[in-house]
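Novice: So that you have it, the file is final16.cif, and it contains mmCIF, C-alpha atoms:
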data_data
#
loop_
_atom_site.label_atom_id
_atom_site.label_comp_id
_atom_site.auth_asym_id
_atom_site.auth_seq_id
_atom_site.Cartn_x
_atom_site.Cartn_y
_atom_site.Cartn_z
CA MET A 45 63.53 8.69 -95.25
CA ASN A 46 67.16 8.21 -96.23
CA PRO A 47 70.08 8.78 -93.75
CA TYR A 48 70.80 12.23 -95.20
CA GLN A 49 67.19 13.33 -94.62
CA ARG A 50 67.17 11.87 -91.08
CA ALA A 51 70.35 13.78 -90.21
CA TRP A 52 68.90 17.07 -91.41
CA SER A 53 65.62 16.46 -89.60
CA THR A 54 67.59 15.96 -86.36
CA VAL A 55 69.54 19.19 -86.86
CA LEU A 56 66.36 21.12 -87.64
CA PHE A 57 64.57 19.65 -84.63
CA PHE A 58 67.23 20.68 -82.13
CA GLY A 59 67.94 23.94 -83.93
CA PHE A 60 64.34 25.04 -83.61
CA CYS A 61 63.62 23.53 -80.20
CA LEU A 62 66.51 25.00 -78.23
CA PRO A 63 65.32 28.61 -78.54
CA VAL A 64 61.81 27.44 -77.65
CA TRP A 65 63.09 25.83 -74.43
CA ALA A 66 64.97 29.05 -73.57
CA ASP A 67 61.86 31.11 -74.23
CA ILE A 68 59.59 29.17 -71.87
CA TYR A 69 61.45 30.23 -68.70
CA PRO A 70 59.83 30.52 -66.28
CA ASN A 71 57.29 27.71 -66.54
CA LYS A 72 56.57 27.57 -62.80
CA SER A 73 56.78 29.85 -59.76
CA VAL A 74 60.10 31.40 -58.78
CA ARG A 75 61.11 31.76 -55.15
CA ILE A 76 62.75 34.98 -53.92
CA LEU A 77 64.54 34.35 -50.62
CA VAL A 78 64.75 37.36 -48.30
CA GLY A 79 67.02 37.21 -45.28
CA PHE A 80 65.03 39.65 -43.17
CA ALA A 81 61.58 39.81 -41.60
CA PRO A 82 58.48 41.02 -43.47
CA GLY A 83 57.99 44.78 -43.45
CA GLY A 84 61.65 45.79 -43.57
CA GLY A 85 63.32 47.57 -46.46
CA THR A 86 64.71 44.42 -48.08
CA ASP A 87 61.32 42.73 -47.91
CA ILE A 88 59.46 45.75 -49.33
CA VAL A 89 61.84 46.10 -52.28
CA SER A 90 61.66 42.36 -53.00
CA ARG A 91 57.86 42.34 -53.01
CA LEU A 92 57.56 45.42 -55.21
CA ILE A 93 59.81 43.98 -57.88
CA GLY A 94 58.52 40.42 -57.42
CA HIS A 95 54.97 41.61 -58.08
CA LYS A 96 56.07 43.27 -61.32
CA LEU A 97 58.08 40.22 -62.40
CA THR A 98 54.92 38.17 -61.97
CA GLU A 99 53.10 40.56 -64.32
CA PHE A 100 55.92 40.72 -66.86
CA MET A 101 56.92 37.04 -66.96
CA GLY A 102 53.63 35.26 -66.45
CA GLN A 103 54.61 33.17 -63.41
CA GLY A 104 54.59 33.93 -59.71
CA PHE A 105 57.73 35.43 -58.15
CA ILE A 106 57.02 34.68 -54.50
CA VAL A 107 58.93 36.15 -51.54
CA ASP A 108 60.06 33.59 -48.96
CA ASN A 109 61.31 35.27 -45.77
CA ARG A 110 64.12 33.36 -44.04
CA ALA A 111 65.11 35.93 -41.45
CA GLY A 112 68.06 35.68 -39.11
CA ALA A 113 71.83 35.93 -38.78
CA ALA A 114 72.10 39.17 -40.80
CA GLY A 115 70.74 37.55 -43.94
CA THR A 116 73.21 34.66 -43.95
CA ILE A 117 70.51 31.98 -43.49
CA ALA A 118 68.83 32.99 -46.75
CA ALA A 119 72.20 33.27 -48.48
CA ASP A 120 73.24 29.78 -47.44
CA LEU A 121 69.91 28.34 -48.60
CA THR A 122 70.29 30.10 -51.96
CA ALA A 123 73.84 28.84 -52.44
CA LYS A 124 72.70 25.25 -51.89
CA SER A 125 69.61 25.47 -54.14
CA PRO A 126 69.44 24.08 -57.69
CA ALA A 127 70.96 26.44 -60.26
CA ASP A 128 67.91 26.41 -62.50
CA GLY A 129 66.59 29.96 -62.22
CA TYR A 130 63.76 29.06 -59.85
CA THR A 131 65.51 30.21 -56.68
CA LEU A 132 66.66 33.81 -56.36
CA MET A 133 67.55 35.90 -53.35
CA MET A 134 67.66 39.57 -52.58
CA GLY A 135 71.35 39.93 -51.81
CA HIS A 136 72.23 42.54 -49.20
CA VAL A 137 75.30 44.33 -47.95
CA ASN A 138 75.10 42.34 -44.70
CA SER A 139 74.97 38.87 -46.24
CA HIS A 140 77.46 39.49 -49.05
CA ALA A 141 79.95 42.13 -47.88
CA ILE A 142 79.88 42.55 -44.10
CA ALA A 143 79.25 39.02 -42.78
CA PRO A 144 81.99 37.41 -44.91
CA ASN A 145 84.49 39.78 -43.29
CA LEU A 146 82.99 39.69 -39.80
CA TYR A 147 82.51 35.96 -39.22
CA LYS A 148 85.43 33.55 -39.25
CA LYS A 149 83.39 30.84 -40.93
CA LEU A 150 80.36 31.05 -43.20
CA PRO A 151 78.73 28.08 -44.94
CA TYR A 152 78.98 29.86 -48.30
CA ASP A 153 81.40 31.93 -50.35
CA PRO A 154 79.85 35.33 -51.25
CA VAL A 155 81.39 35.33 -54.74
CA ARG A 156 82.03 31.73 -55.78
CA ASP A 157 78.61 30.39 -54.74
CA PHE A 158 76.45 33.02 -56.44
CA ALA A 159 75.59 34.48 -59.82
CA THR A 160 75.02 38.24 -59.70
CA VAL A 161 71.75 38.93 -61.52
CA ALA A 162 70.60 42.53 -61.08
CA TYR A 163 71.71 45.33 -58.79
CA ILE A 164 68.76 47.36 -57.53
CA GLY A 165 70.38 50.28 -55.76
CA TYR A 166 71.19 51.55 -52.31
CA VAL A 167 69.62 53.25 -49.33
CA PRO A 168 71.65 56.02 -47.70
CA ASN A 169 72.57 56.05 -44.06
CA VAL A 170 71.89 59.40 -42.42
CA LEU A 171 73.84 60.84 -39.51
CA VAL A 172 71.13 62.17 -37.20
CA ILE A 173 71.50 63.72 -33.77
CA HIS A 174 69.20 64.60 -30.91
CA PRO A 175 68.26 68.29 -31.19
CA SER A 176 69.62 68.94 -27.69
CA LEU A 177 73.18 68.64 -29.01
CA PRO A 178 74.55 72.16 -29.65
CA THR A 179 75.59 71.40 -33.22
CA THR A 180 74.05 72.12 -36.61
CA THR A 181 76.85 70.97 -38.92
CA LEU A 182 79.13 67.96 -39.19
CA SER A 183 82.24 70.02 -38.47
CA GLN A 184 80.67 71.27 -35.23
CA LEU A 185 79.87 67.71 -34.19
CA ILE A 186 83.47 66.68 -34.82
CA LEU A 187 84.76 69.56 -32.67
CA LEU A 188 82.32 68.64 -29.91
CA ALA A 189 83.37 64.99 -29.99
CA ARG A 190 87.04 65.94 -29.86
CA SER A 191 86.40 68.15 -26.84
CA LYS A 192 84.65 65.28 -25.06
CA PRO A 193 86.52 62.10 -26.06
CA GLY A 194 84.58 58.96 -25.20
CA LEU A 195 81.52 60.82 -23.93
CA LEU A 196 79.31 61.14 -27.01
CA THR A 197 77.36 58.02 -27.96
CA PHE A 198 76.09 56.57 -31.22
CA ALA A 199 73.32 54.01 -31.46
CA SER A 200 73.01 51.17 -33.96
CA SER A 201 70.73 48.25 -34.78
CA GLY A 202 73.41 45.82 -33.64
CA VAL A 203 77.08 44.87 -33.79
CA GLY A 204 78.25 44.59 -37.40
CA SER A 205 75.28 46.47 -38.86
CA THR A 206 75.88 49.23 -41.40
CA GLN A 207 74.85 51.72 -38.69
CA HIS A 208 77.60 50.36 -36.45
CA LEU A 209 80.23 50.30 -39.18
CA ALA A 210 79.22 53.79 -40.33
CA GLY A 211 80.00 55.01 -36.82
CA GLU A 212 83.29 53.15 -36.76
CA LEU A 213 84.28 54.60 -40.14
CA PHE A 214 83.35 58.05 -38.87
CA GLN A 215 85.70 57.61 -35.92
CA LEU A 216 88.50 56.28 -38.12
CA THR A 217 88.12 59.14 -40.59
CA THR A 218 87.82 61.98 -38.06
CA LYS A 219 90.05 60.57 -35.29
CA VAL A 220 87.33 61.11 -32.69
CA LYS A 221 86.34 58.70 -29.94
CA MET A 222 82.67 57.89 -29.38
CA VAL A 223 80.88 55.07 -27.55
CA HIS A 224 78.88 52.54 -29.54
CA VAL A 225 75.50 51.55 -28.05
CA PRO A 226 74.09 48.52 -29.93
CA TYR A 227 70.37 47.70 -29.91
CA LYS A 228 68.33 44.77 -31.20
CA GLY A 229 67.10 46.56 -34.30
CA SER A 230 66.56 50.08 -35.55
CA GLY A 231 63.28 50.55 -33.67
CA PRO A 232 64.70 50.51 -30.13
CA ALA A 233 67.70 52.61 -31.21
CA ILE A 234 65.41 55.27 -32.65
CA ILE A 235 63.22 55.30 -29.54
CA ASP A 236 66.22 55.96 -27.31
CA LEU A 237 67.53 58.68 -29.62
CA LEU A 238 64.12 60.37 -29.52
CA ALA A 239 64.26 60.23 -25.73
CA GLY A 240 67.79 61.66 -25.66
CA HIS A 241 69.32 58.57 -24.07
CA VAL A 242 71.90 58.45 -26.90
CA ASP A 243 73.36 61.33 -28.87
CA THR A 244 73.61 60.19 -32.49
CA ASN A 245 72.70 57.46 -34.95
CA PHE A 246 73.92 56.57 -38.44
CA ASP A 247 70.66 54.84 -39.37
CA THR A 248 69.23 54.09 -42.80
CA MET A 249 66.96 56.70 -44.31
CA PRO A 250 63.49 55.05 -44.24
CA PRO A 251 63.07 54.81 -40.44
CA VAL A 252 64.59 58.22 -39.59
CA LEU A 253 63.20 60.33 -42.45
CA PRO A 254 59.84 61.12 -40.77
CA TYR A 255 61.63 62.35 -37.64
CA VAL A 256 64.02 64.51 -39.65
CA LEU A 257 61.14 66.10 -41.56
CA SER A 258 59.22 66.73 -38.32
CA GLY A 259 62.26 68.26 -36.59
CA ARG A 260 62.57 65.61 -33.91
CA PHE A 261 65.98 64.61 -35.32
CA ARG A 262 68.58 66.90 -36.85
CA ALA A 263 70.26 65.45 -39.94
CA LEU A 264 73.89 66.48 -40.46
CA ALA A 265 75.04 64.38 -43.43
CA VAL A 266 74.23 61.43 -45.67
CA THR A 267 76.76 58.67 -46.24
CA THR A 268 76.33 58.34 -50.01
CA PRO A 269 78.48 59.83 -52.81
CA LYS A 270 75.66 62.18 -53.82
CA ARG A 271 72.85 63.86 -51.93
CA ALA A 272 69.62 61.97 -51.34
CA ASN A 273 66.58 63.10 -53.28
CA GLN A 274 64.49 62.95 -50.12
CA LEU A 275 66.87 65.28 -48.22
CA PRO A 276 68.28 67.57 -50.90
CA LEU A 277 69.54 70.19 -48.42
CA ILE A 278 71.59 67.72 -46.36
CA PRO A 279 75.22 67.47 -47.55
CA THR A 280 77.15 64.27 -48.06
CA MET A 281 80.02 63.24 -45.82
CA LEU A 282 82.33 63.92 -48.78
CA GLU A 283 80.99 67.45 -49.20
CA SER A 284 81.51 67.97 -45.48
CA GLY A 285 85.21 67.18 -45.80
CA LEU A 286 85.39 63.46 -44.96
CA LYS A 287 87.45 62.16 -47.85
CA GLY A 288 86.72 58.57 -48.83
CA TYR A 289 83.68 58.24 -46.58
CA GLU A 290 80.88 56.14 -48.11
CA MET A 291 78.46 53.69 -46.52
CA THR A 292 75.21 52.31 -47.91
CA ASN A 293 72.70 49.52 -47.52
CA TRP A 294 72.37 47.98 -50.97
CA TYR A 295 70.13 45.39 -52.57
CA GLY A 296 70.62 43.13 -55.57
CA PHE A 297 69.12 39.95 -56.99
CA MET A 298 71.39 36.91 -56.89
CA ALA A 299 71.04 33.27 -57.91
CA PRO A 300 72.97 30.08 -57.21
CA ALA A 301 76.26 29.81 -59.08
CA LYS A 302 76.04 28.17 -62.51
CA THR A 303 72.50 29.41 -63.12
CA PRO A 304 72.21 29.44 -66.94
CA HIS A 305 73.59 32.65 -68.35
CA ASP A 306 70.62 33.21 -70.66
CA ILE A 307 68.29 33.16 -67.65
CA VAL A 308 70.52 35.62 -65.78
CA VAL A 309 70.60 37.96 -68.79
CA ARG A 310 66.83 37.82 -69.24
CA LEU A 311 66.14 38.46 -65.56
CA ASN A 312 68.59 41.37 -65.58
CA ALA A 313 66.82 42.95 -68.56
CA GLU A 314 63.36 42.49 -67.05
CA ILE A 315 64.33 43.78 -63.60
CA ASN A 316 66.14 46.83 -65.01
CA LYS A 317 63.09 47.61 -67.13
CA ILE A 318 60.75 47.22 -64.14
CA MET A 319 62.85 49.55 -61.97
CA MET A 320 62.49 52.34 -64.50
CA GLN A 321 58.72 52.07 -64.77
CA PRO A 322 57.28 55.30 -63.31
CA ASP A 323 55.05 53.62 -60.71
CA THR A 324 57.73 51.21 -59.48
CA LYS A 325 60.44 53.88 -59.56
CA SER A 326 58.36 56.29 -57.46
CA LYS A 327 57.47 53.60 -54.89
CA LEU A 328 61.10 52.53 -54.50
CA GLU A 329 62.28 56.12 -54.19
CA GLU A 330 59.59 56.86 -51.60
CA ILE A 331 61.32 54.44 -49.21
CA GLY A 332 64.71 56.00 -49.90
CA THR A 333 66.07 53.62 -52.54
CA GLN A 334 68.50 55.26 -54.94
CA LEU A 335 68.14 53.18 -58.11
CA GLU A 336 71.19 52.21 -60.15
CA PRO A 337 70.64 49.53 -62.83
CA LEU A 338 73.77 47.53 -63.63
CA SER A 339 74.64 44.59 -65.84
CA PRO A 340 75.44 41.26 -64.11
CA GLU A 341 79.14 41.86 -64.81
CA GLN A 342 79.06 45.36 -63.32
CA PHE A 343 77.23 44.05 -60.26
CA SER A 344 79.95 41.41 -59.82
CA LEU A 345 82.68 44.08 -59.87
CA PHE A 346 80.71 46.16 -57.37
CA LEU A 347 80.42 43.17 -55.02
CA THR A 348 84.18 42.57 -55.13
CA ALA A 349 84.83 46.23 -54.29
CA GLU A 350 82.38 46.09 -51.37
CA LEU A 351 84.07 43.03 -49.89
CA THR A 352 87.42 44.82 -50.05
CA LYS A 353 86.00 47.99 -48.48
CA TYR A 354 84.42 46.23 -45.51
CA ALA A 355 87.49 44.09 -44.94
CA ARG A 356 89.45 47.30 -44.47
CA ILE A 357 86.89 48.94 -42.17
CA ILE A 358 86.39 45.86 -39.97
CA LYS A 359 90.13 45.22 -39.64
CA ALA A 360 90.96 48.86 -38.86
CA SER A 361 88.15 49.26 -36.31
CA GLY A 362 88.69 45.89 -34.63
CA VAL A 363 84.97 45.08 -34.70
CA LYS A 364 84.26 41.54 -33.50
CA VAL A 365 81.16 39.46 -32.90
CA ASP A 366 80.65 37.13 -29.98
#
What do you get writing this file as structure tokens?

Specialist:
Amino acid sequence: MNPYQRAWSTVLFFGFCLPVWADIYPNKSVRILVGFAPGGGTDIVSRLIGHKLTEFMGQGFIVDNRAGAAGTIAADLTAKSPADGYTLMMGHVNSHAIAPNLYKKLPYDPVRDFATVAYIGYVPNVLVIHPSLPTTTLSQLILLARSKPGLLTFASSGVGSTQHLAGELFQLTTKVKMVHVPYKGSGPAIIDLLAGHVDTNFDTMPPVLPYVLSGRFRALAVTTPKRANQLPLIPTMLESGLKGYEMTNWYGFMAPAKTPHDIVVRLNAEINKIMMQPDTKSKLEEIGTQLEPLSPEQFSLFLTAELTKYARIIKASGVKVD
């Protein structure tokens, strides 16, 4: 073989092999880090989509729960993992928008250390009250709170949670004064609201929906820009006159920064396709997830906007963690 032929054989070899190497991803199991305990909303969404990714891509997409510190443990582990497409995480509003504004120091940067892969959607928060309160609308609740400054209470799953910040944003927007009662999780907060020990809660939809439907809670508004499919008769905060009020728990797949762009693009396409499959779509919507497929670039812009929003809310409300 002369030099000319050897040169062309080299070009042809690499020209044909590079697409083949790109096509074989994944060739081993992929880990999905989840920063919350099994059984919660983040875990359920991760497992539903992970199961479908396993079917679609021929390798296992295995959930690895690393619960604690509002999802920041899983986020830190993701940021420090190899950027090869074999470690993903289910990013969350807590780990990537609230915690970076709430804690003075985090071991990761929520933007610089991650590649945004695929936004899944959001779960509304719902303002629910104990039925003993003499109010049936949001405007009536505001009037009642103004007549009793500092006497009405709102529960949350903990300081810095979306439930807590939803209550703080409510106070900032309406100029009312309520008392925050933090609990160690949604479960205890809901139990005390059922018992009438607290007056209100801005909890996420999945845990409160059964009690709203059974009449044990009264829902006054949802915190999303549009009404929730599961509670079509309940108005949004915006419809009720609270301009600029929006608060959601959101989920989205992320990877370590510098993960190859072709892998990110492929995962985005597969995940967006999976979310729109009728069986997956119905299961996600059953637990209150409002699906909203985005490109990686759109997800990145959304993340930047969320960081700015929570910086404003946390600064204005003076929320601090011990």

Novice: Between atom CA of Gly79 of chain A and atom CA of Ser201 of chain A, measure the distance and give it in Å to one decimal.

Specialist: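 Separation between atom CA of Gly79 of chain A and atom CA of Ser201 of chain A: 15.7 Å.
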
Novice: Taking the point (75.2, 49.3, -51.4) as given in the file, collect each protein or nucleic acid residue that comes within 10 Å of it, counting all atoms listed in the file, and present the set as an NGL selection string.

Specialist: :A and (136-138 or 141 or 163-168 or 268 or 290-296 or 334 or 346-347 or 350)

Novice: In Å, with one decimal, what is the gap from atom CA of Ile331 of chain A to atom CA of His208 of chain A?

Specialist: 21.1 Å

Novice: The PyMOL selection byres ((chain A and resi 256) around 12) on the file shown: which residues, as a list in words?

Specialist: Val170, Leu171, Val172, Ile173, His174, Pro175, Ile234, Leu238, Asp247, Met249, Pro250, Pro251, Val252, Leu253, Pro254, Tyr255, Leu257, Ser258, Gly259, Arg260, Phe261, Arg262, Ala263, Leu264, Ala265, Gln274, Leu275, Leu277 and Ile278 of chain A

Novice: Counting only C-alpha atoms, which residue out of A:Met133, A:Ala162, A:Leu209, A:Ala114 sits closest to Pro340 of chain A?

Specialist: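 Checking each of A:Met133, A:Ala162, A:Leu209, A:Ala114 against Pro340 of chain A, counting only C-alpha atoms, the winner is A:Ala162.
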
Novice: Please evaluate the PyMOL selection byres ((chain A and resi 97-110) around 7) against the structure above and give the resulting residues as a ChimeraX atom specification.

Specialist: /A:70-82,90-91,93-96,111-112,117-118

Novice: Rank nothing, just name the residue among A:Ala239, A:Leu146, A:Val308, A:Leu92 nearest to Glu329 of chain A, using all atoms listed in the file.

Specialist: A:Leu92

Novice: Record the distance separating atom CA of Glu283 of chain A and atom CA of Ser183 of chain A, expressed in Å with one decimal.

Specialist: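 We find that atom CA of Glu283 of chain A and atom CA of Ser183 of chain A lie 11.1 Å from each other.
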
Novice: Counting all atoms listed in the file, which residue out of A:Thr180, A:Thr206, A:Thr86, A:Gln215 sits closest to Ser361 of chain A?

Specialist: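 Distance minimum relative to Ser361 of chain A lands on A:Gln215.
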
Novice: Can you work out which one of A:Ile358, A:Val242, A:Ala233, A:Ile142 has the shortest atom-to-atom distance to Gly202 of chain A, counting all atoms listed in the file?

Specialist: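 Looking at the shortest contact to Gly202 of chain A, the residue is A:Ala233.
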
Novice: Once the PyMOL selection byres ((chain A and resi 143) around 10) has been evaluated on this model, what residues remain selected, and can you format them as a ChimeraX atom specification?

Specialist: /A:113-116,137-142,144-150,154,204-205,351,354-355

Novice: Give the answer as one residue: which of A:Glu336, A:Glu341, A:Asp157, A:Asp236 has the shortest atom-to-atom distance to Met319 of chain A, using only C-alpha atoms?

Specialist: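 Of the candidates, the smallest distance to Met319 of chain A is held by A:Glu336.
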
Novice: Calculate, to one decimal in Å, the centre and edge lengths of the box along x, y and z of the file that holds all listed atoms of segment 160-166 of chain A with 3 Å of margin on each side, and present them as AutoDock Vina command-line options.

Specialist:
--center_x 71.9 --center_y 44.9 --center_z -56.9 --size_x 12.3 --size_y 19.3 --size_z 15.2

Novice: Rebuild N, CA and C atoms on segment 200-223 of chain A, as an mmCIF file, keeping the file's coordinate frame?

Specialist:
data_model
loop_
_atom_site.group_PDB
_atom_site.id
_atom_site.type_symbol
_atom_site.label_atom_id
_atom_site.label_comp_id
_atom_site.auth_asym_id
_atom_site.auth_seq_id
_atom_site.Cartn_x
_atom_site.Cartn_y
_atom_site.Cartn_z
ATOM 1 N N SER A 200 73.086 51.960 -32.731
ATOM 2 C CA SER A 200 73.010 51.170 -33.960
ATOM 3 C C SER A 200 72.003 50.058 -33.763
ATOM 4 N N SER A 201 71.675 49.367 -34.847
ATOM 5 C CA SER A 201 70.730 48.250 -34.780
ATOM 6 C C SER A 201 71.426 46.949 -34.402
ATOM 7 N N GLY A 202 72.701 47.013 -34.078
ATOM 8 C CA GLY A 202 73.410 45.820 -33.640
ATOM 9 C C GLY A 202 74.856 45.800 -34.099
ATOM 10 N N VAL A 203 75.664 44.996 -33.442
ATOM 11 C CA VAL A 203 77.080 44.870 -33.790
ATOM 12 C C VAL A 203 77.219 44.335 -35.217
ATOM 13 N N GLY A 204 78.021 45.022 -36.029
ATOM 14 C CA GLY A 204 78.250 44.590 -37.400
ATOM 15 C C GLY A 204 77.252 45.126 -38.402
ATOM 16 N N SER A 205 76.247 45.866 -37.949
ATOM 17 C CA SER A 205 75.280 46.470 -38.860
ATOM 18 C C SER A 205 75.939 47.627 -39.610
ATOM 19 N N THR A 206 75.306 48.075 -40.687
ATOM 20 C CA THR A 206 75.880 49.230 -41.400
ATOM 21 C C THR A 206 75.870 50.469 -40.512
ATOM 22 N N GLN A 207 74.864 50.583 -39.615
ATOM 23 C CA GLN A 207 74.850 51.720 -38.690
ATOM 24 C C GLN A 207 76.094 51.693 -37.797
ATOM 25 N N HIS A 208 76.416 50.507 -37.294
ATOM 26 C CA HIS A 208 77.600 50.360 -36.450
ATOM 27 C C HIS A 208 78.870 50.691 -37.223
ATOM 28 N N LEU A 209 79.008 50.087 -38.402
ATOM 29 C CA LEU A 209 80.230 50.300 -39.180
ATOM 30 C C LEU A 209 80.333 51.726 -39.705
ATOM 31 N N ALA A 210 79.192 52.373 -39.937
ATOM 32 C CA ALA A 210 79.220 53.790 -40.330
ATOM 33 C C ALA A 210 79.812 54.638 -39.213
ATOM 34 N N GLY A 211 79.430 54.300 -37.966
ATOM 35 C CA GLY A 211 80.000 55.010 -36.820
ATOM 36 C C GLY A 211 81.472 54.737 -36.641
ATOM 37 N N GLU A 212 81.870 53.492 -36.873
ATOM 38 C CA GLU A 212 83.290 53.150 -36.760
ATOM 39 C C GLU A 212 84.108 53.859 -37.844
ATOM 40 N N LEU A 213 83.579 53.896 -39.066
ATOM 41 C CA LEU A 213 84.280 54.600 -40.140
ATOM 42 C C LEU A 213 84.365 56.086 -39.857
ATOM 43 N N PHE A 214 83.335 56.634 -39.255
ATOM 44 C CA PHE A 214 83.350 58.050 -38.870
ATOM 45 C C PHE A 214 84.480 58.317 -37.877
ATOM 46 N N GLN A 215 84.632 57.428 -36.896
ATOM 47 C CA GLN A 215 85.700 57.610 -35.920
ATOM 48 C C GLN A 215 87.079 57.457 -36.561
ATOM 49 N N LEU A 216 87.223 56.476 -37.442
ATOM 50 C CA LEU A 216 88.500 56.280 -38.120
ATOM 51 C C LEU A 216 88.874 57.486 -38.980
ATOM 52 N N THR A 217 87.871 58.038 -39.651
ATOM 53 C CA THR A 217 88.120 59.140 -40.590
ATOM 54 C C THR A 217 88.402 60.448 -39.867
ATOM 55 N N THR A 218 87.705 60.697 -38.760
ATOM 56 C CA THR A 218 87.820 61.980 -38.060
ATOM 57 C C THR A 218 88.760 61.944 -36.868
ATOM 58 N N LYS A 219 89.175 60.749 -36.467
ATOM 59 C CA LYS A 219 90.050 60.570 -35.290
ATOM 60 C C LYS A 219 89.368 60.997 -33.997
ATOM 61 N N VAL A 220 88.041 60.828 -33.935
ATOM 62 C CA VAL A 220 87.330 61.110 -32.690
ATOM 63 C C VAL A 220 87.031 59.789 -31.994
ATOM 64 N N LYS A 221 86.687 59.894 -30.717
ATOM 65 C CA LYS A 221 86.340 58.700 -29.940
ATOM 66 C C LYS A 221 84.921 58.842 -29.407
ATOM 67 N N MET A 222 84.043 57.924 -29.859
ATOM 68 C CA MET A 222 82.670 57.890 -29.380
ATOM 69 C C MET A 222 82.383 56.493 -28.821
ATOM 70 N N VAL A 223 81.248 56.348 -28.154
ATOM 71 C CA VAL A 223 80.880 55.070 -27.550
ATOM 72 C C VAL A 223 79.719 54.471 -28.337
#
